[in-house]
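Only one structure is covered here, and it is reproduced in the block below.
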Protein chains: 2
Amino acid sequence: MTTGEQGARVVRAPRGSERSCKGWIQEAALRMLHNNLDPEVAERPDDLVVYGGTGKAARSWEAFDVIVRELRELADDETLLVQSGKAVGRFRTHPDAPRVLLANSNLVGRWATWDEFRRLEALGLTMYGQMTAGSWIYIGSQGIVQGTYETFVAARKAHAARAPGGGRWVLTAGLGGMGGAQPLAATMAGMACLGVEIDPARIEKRLRTRYVDERIDDLDRALDAVLESVQRGAPRSIALCGNAADVYPELVRRGVTPDLVTEQTAAHDPLVGYVPPGLTLEQAAELRARDPVEYVARAKAGMRREVEAMLAMQRRGAEVFDYGNNIRTCAMEAGAEDAFAIPGFVPAYVRELFCQGKGPFRWVALSGDPEDILATDRAVLEAVPGDADLRRWIELAEQKIAFQGLPSRICWLGYGDRAKVGLAFNELVRAGRVKAPIVIGRDHLDCGSVASPFRETEAMKDGSDAIADWAILNALANTAGGASWVSFHHGGGVGIGNSLHAGMVIVADGTEAARQRLERVLTIDPGMGIIRHADAGYETACRVAEEKGVRVPHRAG
Amino acid sequence: MTTGEQGARVVRAPRGSERSCKGWIQEAALRMLHNNLDPEVAERPDDLVVYGGTGKAARSWEAFDVIVRELRELADDETLLVQSGKAVGRFRTHPDAPRVLLANSNLVGRWATWDEFRRLEALGLTMYGQMTAGSWIYIGSQGIVQGTYETFVAARKAHAARAPGGGRWVLTAGLGGMGGAQPLAATMAGMACLGVEIDPARIEKRLRTRYVDERIDDLDRALDAVLESVQRGAPRSIALCGNAADVYPELVRRGVTPDLVTEQTAAHDPLVGYVPPGLTLEQAAELRARDPVEYVARAKAGMRREVEAMLAMQRRGAEVFDYGNNIRTCAMEAGAEDAFAIPGFVPAYVRELFCQGKGPFRWVALSGDPEDILATDRAVLEAVPGDADLRRWIELAEQKIAFQGLPSRICWLGYGDRAKVGLAFNELVRAGRVKAPIVIGRDHLDCGSVASPFRETEAMKDGSDAIADWAILNALANTAGGASWVSFHHGGGVGIGNSLHAGMVIVADGTEAARQRLERVLTIDPGMGIIRHADAGYETACRVAEEKGVRVPHRAG
Ligand SMILES: NC(=O)c1ccc[n+]([C@@H]2O[C@H](COP(=O)([O-])OP(=O)(O)OC[C@H]3O[C@@H](n4cnc5c(N)ncnc54)[C@H](O)[C@@H]3O)[C@@H](O)[C@H]2O)c1
Ligand SMILES: NC(=O)c1ccc[n+]([C@@H]2O[C@H](COP(=O)([O-])OP(=O)(O)OC[C@H]3O[C@@H](n4cnc5c(N)ncnc54)[C@H](O)[C@@H]3O)[C@@H](O)[C@H]2O)c1
């Protein structure tokens with residue numbers, strides 16, 4: 001598809017303090033829908049594709065037009081229903097109810113496969129909503145950088161706890177679409193980084209966008225640069241053009257043990273995403289075309305070598321983790337029997353945050369004015385003082401992150417802090433210290449709204465990985481609390497059949513009614529993460545529930 | 001399980017005008033939960049099983065106790081979260097939000113199988129909620145009498161149209177929680193009935209409640225009784241204790257072709273709901289415990305025999321239909337390749353009603369006083385005058401239906417009428433013409449809240465059978481409208497993996513706030529049926545939408 005779907009055109013969110021809808025909540029939905037399709041934000045806006053493969057914001061351009069018209073007409077006591085990117089109904093509810101309810105890509109379990117999904121999509125009956133695409137709260141690549149930052153910070157702390165003075169540098173590989181955020185996230189997290197990437201074009205791109213600082217292909221010199229920057233306390237990121245299946249074992253041979261070790265080659269797809277060692281890119285392309293079976297065997301053999309090196313580094317004290325690309329499975333198939341001694345990143349680092357109700361909290365300035373985000377940045381640091389990593393992130397983000405579309409910010413906040421920050425934002429709007437309302441939302445990679453046994457709910461303590469009631473309860477409870485729009489999705493992140501998850505967005509428009517809704521929803525939403533993990537038996541969640549007064553009925557007297 | 005789960009005891013709903021909860025909505029949830037487990041209502045109350053195989057109202061007796069305590073403490077601006085029969089959270093919402101939100105049996109698609117469900121159930125992590133069991137609005141067999149009556153009437157008409165003078169007797173099987181309504185519905189619809197049931201206790205219960213007229217175990221004598229009653233024009237219902245997998249083929253062998261043929265064993269759950277031929281009940285229980293895989297194989301083989309007999313009867317002119325228990329799928333898996341030549345009852349008879357927003361509307365008198373139901377009966381006939389079928393139903397129901405547990409009534413009402421009746425009930429409560437509030441709910445076999453390709457959404461005009469967004473939107477929209485409790489379930493009726501569906505209940509407590517909520521929810525809920533069927537291209541739904549002013553955005557100007 002080069003010309004895009006019928007009716008394709010360039011759209012961009014309206015800016016400023018004037019609205020074309022009957023209320024600010026409707027206006028917020030209208031602007032965020034447009035913003036998701038802004039060419040600065042979306043990957044293929046002509047096809048309504050926002051990100052993540054084919055994650056869309058509306059089913060078709062015709063459907064987009066109808067949604068926009070309905071939003072413009074929507075009264076303050078009405079609710080619009082959107083079924084996989086198509087407006088299908090409008091009912092009278094009440095001012096404290098959501099203005100929009102969305103359901104994306106949902107299929108009955110027996111039919112929850114890509115094949116059936118594609119068949120129904122071709123019939124015009126559904127759309128792939130990914131996570132924040134179909135729920136109108138995508139904000140561009142800032143989200144990826146921040147998620148990686150958060151993971152690296154957690155891994156750094158884990159290493160430093162075991163090895164005092166540790167957590168100073170990261171070895172990783174793969175600087176592609178997702179993985180390319182790693183060098184920037186590492187330096188933002190206060191660590192140096194050596195990133196091994198086989199494709200010079202990918203390194204070029206990351207140098208251009210300043211996500212990586214320098215390219216050094218000689219291993220000695222690259223290591224020197226990394227260690228020197230560690231010494232100086234001025235973290236730099238170095239890209240090395242090479243094959244991870246060669247470089248990782250070579251580091252083991254030399255006795256070099258990085259503090260953190262991970263990798264983000266696209267190992268989940270061994271025919272396309274992993275270049276076997278011993279081949280140039282051209283030779284790899286030739287072999288892939290000529291003998292795919294041989295290619296996959298050699299790719300997996302390479303992964304085995306790489307993973308065995310990671311295991312050796314782990315034994316020598318490095319903090320090693322799988323970053324969600326399934327390399328453990330491929331390596332094990334090729335003979336690395338201990339591959340699963342390497343933990344996945346969610347159980348290793350993120351779950352502990354989930355137990356505190358922490359997850360990717362994000363917001364957008366509807367005015368379109370970057371000044372408004374600076375005002376919110378200050379408000380966050382005032383509302384949540386004394387969190388050094390948060391402060392560092394916000395300050396670095398202000399320097400290093402270019403806005404895409406409407407100015408936005410993301411940071412991980414937990415139970416208690418989210419409500420505090422939401423109320424602070426509402427106060428900014430009320431007092432006229434920002435020029436228009438602020439939209440608050442989150443990713444679906446989240447503590448209490450996702451059932452996803454290959455990622456967010458991998459290896460739950462009680463075995464409840466596939467239990468999806470929690471995601472449903474999250475959507476219902478946020479609706480009951482008065483979120484501005486609520487969505488429920490199937491298949492985001494890990495594909496059709498593999499996940500169910502809910503999204504919520506709430507608008508701070510400066511009114512007293514919004515204040516009450518913010519307090520409720522920003523308490524309920526992270527609270528779900530705490531009760532979900534408390535029910536699964538996580539100590540941290542039980543402790544936080546007790547400390548913060550989150551009611552867990554089966555533990556209550 | 002003979003002694004029931006730990007903590008088992010007899011419970012029964014509190015009656016009267018005094019409440020032990022902080023508000024009538026909480027009190028209604030408390031009474032309905034108890035009522036679902038009343039021995040008059042539930043099939044196996046000791047095990048918390050209400051109906052439909054293993055459809056439960058709470059996960060365990062301990063979980064029951066915690067729910068009850070939480071309901072007693074629940075404030076008028078709080079919401080209780082129930083995850084598969086276990087109270088897991090309580091959050092502050094607001095008075096117009098539901099007091100309880102429930103999610104039952106939900107699993108991520110790839111794991112949506114009975115095996116995985118059973119594994120998780122054994123770990124204590126989930127429960128099977130069926131439809132109205134886990135959503136606390138089961139009312140006993142009356143609940144299905146009306147639907148069965150309407151279905152039998154429609155099938156009788158279809159048979160009579162093909163075979164003048166036909167439509168005089170029904171062969172069916174399974175006289176359990178739902179299926180036990182069939183003999184009564186048949187005679188109310190003017191037909192004789194032969195009902196095959198393997199469990200003598202089930203027959204005993206139906207004789208006691210006068211749902212079936214007589215038990216005759218000898219096939220010759222049973223047939224004689226049926227045919228004689230047909231001859232006399234005085235329809236009688238006969239229960240025969242036997243295995244349908246034996247009796248149906250035997251009838252084919254004898255050349256007996258009933259006018260209508262269906263069956264309601266709990267075939268959706270082959271390990272629990274279908275007794276394999278050749279085994280006594282005791283032997284079946286023993287095999288089920290000892291070798292579940294073998295049990296399921298033999299049950300499915302029995303279903304194949306039964307379904308092949310049904311197909312033979314169909315070829316000989318009988319009106320044969322699947323009554324929503326998924327027996328066709330199991331039979332096909334066991335080798336009955338033509339199983340789907342038997343139509344589902346929904347596309348055959350019910351979809352036209354769904355297009356009008358019609359479905360099983362039910363209510364319960366919280367006072368416990370049967371007089372209150374008589375008052376509501378009169379109110380219905382006043383609010384919806386001039387509907388002869390409705391009047392006949394209510395009059396027959398008053399004569400023939402024995403109440404189980406709290407007095408209740410059901411009738412099928414469409415868009416517009418439901419809101420009218422809800423407001424009339426609220427006025428009865430306000431004016432003190434009934435002794436306590438009235439609880440209004442519905443089954444999940446419904447026009448706009450179910451995705452179930454083997455039943456409610458079988459053979460949709462646009463092919464959207466498996467699209468589940470509508471069920472989700474229904475739960476979200478009823479939550480937004482202010483239903484008293486809302487539930488979202490997986491696997492009801494047709495088993496794990498095969499359906500997703502939502503329930504809602506709303507309490508008429510005589511207040512002005514309740515009046516507004518009733519008007520909203522009883523408009524939204526049937527309205528979802530109209531927009532769902534309009535979107536699928538059904539003419540009737542499009543016409544009704546236009547006549548009644550239900551907004552369908554893609555058809556609006
Ligand atoms: N952690 C998460 O939350 C998360 C989220 C989404 C995706 N992922 C996974 O992360 C992985 C990376 O995603 P992406 O979007 O960056 O993929 P991508 O295809 O854009 O990038 C992969 C990169 O790896 C490089 N590469 C391949 N083989 C190599 C080798 N042997 N040595 C060195 N470099 C090599 C490629 O040249 C490419 O630049 C995927 O498997 C994806 O599924 C993780
Ligand atoms: N059509 C509908 O609207 C609708 C609604 C709800 C449920 N259902 C389905 O109807 C089915 C019956 O539900 P129920 O609540 O009555 O279940 P149930 O478990 O209470 O009753 C099933 C009955 O079938 C009997 N039985 C089992 N195997 C038999 C055999 N081989 N021969 C004769 N009798 C046998 C059992 O003894 C039992 O009495 C379920 O599959 C349910 O999902 C249909």
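Simple scheme: letters A, B, ... for chains in structure tokens order, numbers from 1 for residues in each chain, numbers from 1 for ligands in the order shown.
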
Would you mind listing the residues within 7 Å of ligand 2, counting only C-alpha atoms and all ligand atoms, as a VMD selection string?
chain B and resid 43 51 to 53 144 147 173 to 180 196 to 199 202 242 to 245 264 to 269 273 to 277 302 323 to 326 445 492 to 494

Over all Cα atoms in order, fit chain B to chain A and jot down the RMSD to one decimal place.
3.6 Å

Can you list, as number ranges by chain, every residue of segment 163-375 of chain B that DSSP puts in alpha helix (DSSP H)?
B: 182-188, 200-208, 219-232, 244-254, 281-290, 292-315, 327-333, 345, 351-354, 370-375

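Counting only C-alpha atoms, Ser499 of chain B has the following residues at most 6 Å away, ignoring those fewer than 5 positions along the same chain: Val108 of chain A; Ala451, Ser452, His490 and Gly491 of chain B.
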
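Proximity to chain A was assessed for B:Thr172, B:Thr54, B:Thr376, B:Thr479 counting only C-alpha atoms; the smallest distance is recorded for B:Thr479.
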